[in-house]
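Reviewing the structure listed below.
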Amino acid sequence: MFESQDTEDPTCVIKMLDEFRQCNPTVNRPNFIDMAVVPTILQFDDCVVSHDSKKRKHTDSNVSVDTAEDSNISVLASPWETRRMKAELAEAKALNASLEERIKKLHSVRMELELVFDNEKTSFLKQRERDREIIRMLEGQIATLRKREVESRDEFSQYRQSTESSKCKLEKKILRLQEEYTHLDDRFKQVELTHKKCAAGVRRISELEGELKLSNEEVASLKDHIKLLEEKVVDVSNLKYQLELVEHCCTQAQQKIKELKLEQDKGEETRELLEKQHHNLMRLPDLEREVASLRDENRNLRDAVRNKLVLEEEVVDLRSRQAGFELREQKLAQLDASQGHLESMLEHWRQLARDHCLGVPPEKAMAGPEFLRMRIETLQQKELQLTADLGDLGIRLKTAQQAKSKVEMELDKATKQIERLQVTNDDQSKLIKRLQKRLLLVSRERDSYRSQLDMYEKELTVTSSSALLNSQQQQQRSRVEALEKTVDGYRDLVMKLEADLEKAVKGSGGIQFSERIYKLEEERNTLQQEKEQLMKRRDELEVELEYRALKGDFNPMKSKVLHIRMNPAATVEAQREDKLTHLQQECNRLQERVRVLEGGQMQDVTQEVNLRLAASSTQEVQELQEQVKSYETKLQRLKEAFKTTSQEYREVCYMLLGYKIDRIKSSLYRLSSMYAESQDDYLLFKLADGNPELLETPYSATLEQFINLHLKHQHSIPVFLSAITIDLFGHQTE
Amino acid sequence: MASTKHQTDGTITLKGSSDLVKEYLDYGINSILYQRGIYPEETFVQAEHFGITVFMSTDEKIKSFLKSVLDQIQGWLLQKKLQKISLVISNSVTKEVLERWDFKVQYEGDANGSAVENGRIIGKKDLTVIQKEIRSVLRQISGSVSFLPLLDCLCAFDVLVYTIPDCEVPQEWDETQPAFIANAQELSFRTFSTSLHRMETHVSYKVE
């Protein structure tokens, strides 16, 4: 019932909702693609384009929601639309009323149905109760049946087991019986076979019995014969025995014979031996003699051996000497050869000497080496002189060469100058030519002027009207003068130009200028090349810069990169570092824990770990410990140094002043003199208010005299102490 | 917002233009963060801007960070001190830069179609056209996820701002080095112009 209601009623509502949504699609958009669909965009555009400024109050984010309202408002403007809307509204209201009626009806129907349902429900409930009871009963029955079933199953299984066991036994029996049967069968077959054999055998037995009888008769006859034979056999055996006895005797006798023969042989051997011995004895004196002679011989031989050894040694010695001699011989040969060589050399030398001493008488020349040496010396001296001369000459040559180079340079300079001069000369000659041309021009001009002048003069002479002539003449004269002046001016100009030319030649400044210009041009060229290179480089760099800018780099001259300090990347990094340190700490702790656990401790592990970490992990503690150690060692060293220096100081004081000063307590000093007679002789001083005071001791009691004099009277402790020292020294040296 | 600064049809003020640029950057950066999976998807909500749906982060830290950055950027835009904005995506463990989104700004106020009215610079470009252009760029950005390499590691992002050299460094800001991607591939998106500002959008990413 409800379902039917649901299907009818809500569909209308859903339809309405759908319609509403279709009117306003922006309310519910399922996905991204739908959102990007054109209508929304158009709407957005519309609202931007057509709406007047008051609609711009809506922000972009709620534009989509507001569009529906906006459209409504815009719709209201047209009356047709309003009418249509009203009609729709009325329709909707009518629909609404009818639907409400329907809903009421349906409500009543529902109520009735509910009542029916209730009745049915109660009846169903009762039935359910009954069914439940039945089910319970049935369940009880089922339980009992199950129990029975279980029991019967148990029994069944027992029976089955027993039957199986009996079956097994019976099977075994069957097997056994089958075996027996086979066995018996075999036997039966055998028996049958034997039975067949038996029949044949009976026949044979009867035959054999016949034979047996015959043979028995034969046996009897044979027995008689045997008896006879046996008697004979006894005789023969007796004979045999006798024969054996005889044979035994015979063998014994033969053995004896053999022994005797052996003895005889032995006897013969001994006799031979005796004979030999006898012969030997006969030879003994000869042998003794022989021995003596042999001994002599032996002795001789020993001597000979000794001699031989001596001789061998000698031989060895001689051989070595021979070797030496041979060597010497070789050397000798070599020496001979060298001597020959040397002699030939000497001859050569002599020849040389002779050759060199041609001017000297031959006796002197033969007197030889000294003379030769002298000659050589003279030659060497000559050579020295010559080398010196050579050096001089070389130096002179060098100087000459230098001079020559100088001269050449000068020559070069001169030639250059000449060239320069020629150039200038050329220039000047050109200039001169130009000037000459000019001069020529000027002179022609002058000539023309002159001719003019002449013409004027002629005219003057022709027209000899005096007054006119005079005036004309005067005019012309003035003209001539003027022209002459101009000519003079030209001359001056020429002169000036010539002077300039000369000046230019003398200064030769043009060359300097040209050189300078050349240099400057070169410089300019190099600079231009450099500039081109730099331009190229600049272009390259610009290209690179652009490329790098594309790749994300930037020109630090043109821009600066900024970012917020706590940007997400940085925070993530910081978090990560925190985590890392945390984990490292954790790791350390766990490592320590593992160590503790490995050490076998099971209780208070965490506490132990914490303690250990606190003790060990902090680096600061270790550092401080190290520092403390270093300070301690420093202190130790200082102490040692102090000890040694203080010891030295004390010893020096003792030796210089004669008193050992010990500090017994604070501000209490004990002085014991170097020359004290016993160790108990000491003085005590107490430092009170910066002044030492003498305290009474057993020893000080003996020094009343000094105390009175030096302390009480003179008030000087050093003097007192010195006096005591002198006194004690005096006592000791006495 | 931009529309409030919009005085008459077809004109736009410098402030309005910078607002538009700022909004574009906001939506662009948010949608990049969403599309590239820098932060989990559930921290983003849908919102509609310029006629298309943009995923905006709800993470308070990101929101406040972007707000402070974008406000500063707007300030610099108005002073014409800004040159470029880079959204740098880097591996948070190795700090290797994996992607860089460049938003280049060009000031074109004086040249085409702008005029000075009552002492204020005003551009002559229709707002709808500008929004259409921005929309197409944003679409391109969200479409770029299909060919950009997968970022399969934990990543973090940073926003670098390229300014002129004599720009003062505000508090909380620092000078830094530019992010440089070795072996990078660059891709340019559409540009849009408000007739006062011209925005070029590029992405450089590390080639695998």
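Lettering and numbering for the structure tokens are positional, with chains as A, B, ... in the shown order, residues counted from 1 in each chain, and ligands counted from 1 in the shown order.
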For Gly123 in chain B, please output as a PDB file with N, CA and C atoms, in the first residue's frame all residues within 6 Å (counting only C-alpha atoms; exclusion window: fewer than 2 positions along the same chain).
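Final file, result.pdb:
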```pdb
ATOM      1  N   THR B  11      35.138  49.508 -20.673  1.00  0.00           N
ATOM      2  CA  THR B  11      36.322  50.174 -20.129  1.00  0.00           C
ATOM      3  C   THR B  11      36.745  49.448 -18.865  1.00  0.00           C
ATOM      4  N   ILE B  12      37.970  49.606 -18.561  1.00  0.00           N
ATOM      5  CA  ILE B  12      38.492  48.923 -17.367  1.00  0.00           C
ATOM      6  C   ILE B  12      39.579  49.798 -16.749  1.00  0.00           C
ATOM      7  N   SER B 114      44.030  52.305 -24.753  1.00  0.00           N
ATOM      8  CA  SER B 114      43.772  52.822 -23.412  1.00  0.00           C
ATOM      9  C   SER B 114      43.813  54.357 -23.447  1.00  0.00           C
ATOM     10  N   LYS B 125      38.776  47.626 -23.245  1.00  0.00           N
ATOM     11  CA  LYS B 125      38.526  46.255 -23.670  1.00  0.00           C
ATOM     12  C   LYS B 125      37.340  45.736 -22.878  1.00  0.00           C
ATOM     13  N   SER B 195      44.090  44.644 -21.666  1.00  0.00           N
ATOM     14  CA  SER B 195      44.423  45.886 -22.352  1.00  0.00           C
ATOM     15  C   SER B 195      45.304  46.799 -21.500  1.00  0.00           C
ATOM     16  N   LEU B 196      45.519  46.410 -20.251  1.00  0.00           N
ATOM     17  CA  LEU B 196      46.498  47.113 -19.408  1.00  0.00           C
ATOM     18  C   LEU B 196      47.619  46.159 -18.997  1.00  0.00           C
TER      19      LEU B 196
END
```
Requested in this report: Please provide the set of residues having any atom within 6 Å of range 82-95 of chain B, restricted to only C-alpha atoms, with same-chain residues fewer than 2 positions apart removed, written as a PyMOL selection string.
Outcome: chain B and resi 76-77+80+97-105+154-163
Report task. Rounded to one decimal place, report the CA of Phe44 in chain B-CA of Met56 in chain B distance in Å. Result ->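 CA of Phe44 in chain B sits 5.2 Å away from CA of Met56 in chain B.
If you measure from each of A:Tyr699, A:His563, A:Cys168, A:Lys629 to Leu70 in chain B using only C-alpha atoms, the closest one turns out to be A:His563.
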Query raised in the report: Which is closest to chain A among B:Lys15, B:Lys67, B:Lys22, B:Lys124, if we use only C-alpha atoms?
Result: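 Nearest candidate to chain A out of B:Lys15, B:Lys67, B:Lys22, B:Lys124: B:Lys67.
CA of Lys213 in chain A is found 27.1 Å from CA of Thr194 in chain A.
Take the candidates A:Arg176, A:Arg373, A:Lys558, A:Arg438 and check each one against chain B using only C-alpha atoms; the shortest distance goes to A:Lys558.
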Requested in this report: Identify, on the basis of only C-alpha atoms, every residue whose closest approach to Asp59 in chain B does not exceed 12 Å; exclude the query and any residue fewer than 4 positions from it along the same chain; express the result as a count of residues only.
Outcome: 15
Report task. Enumerate, as a count of residues only, the complete set of residues in chain B that a backbone-based DSSP assignment places in helix (DSSP H, G or I). Result -> 69
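Atom to atom, CA of Ile130 in chain B and CA of Phe192 in chain B stand 7.0 Å apart.
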Query raised in the report: Could you pull the residues within 9 Å of range 131-142 of chain B, counting only C-alpha atoms, minus those fewer than 2 positions along the same chain, as a list of chain:residue names?
Result: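 Surrounding residues, per the criterion: B:Leu20, B:Tyr24, B:Tyr27, B:Gly28, B:Ser31, B:Ile32, B:Gln35, B:His49, B:Phe50, B:Gly51, B:Ile52, B:Val54, B:Asp126, B:Leu127, B:Thr128, B:Val129, B:Ser144, B:Val145, B:Ser146, B:Phe189, B:Arg190, B:Thr191, B:Phe192, B:Ser193, B:Thr194, B:Thr201.
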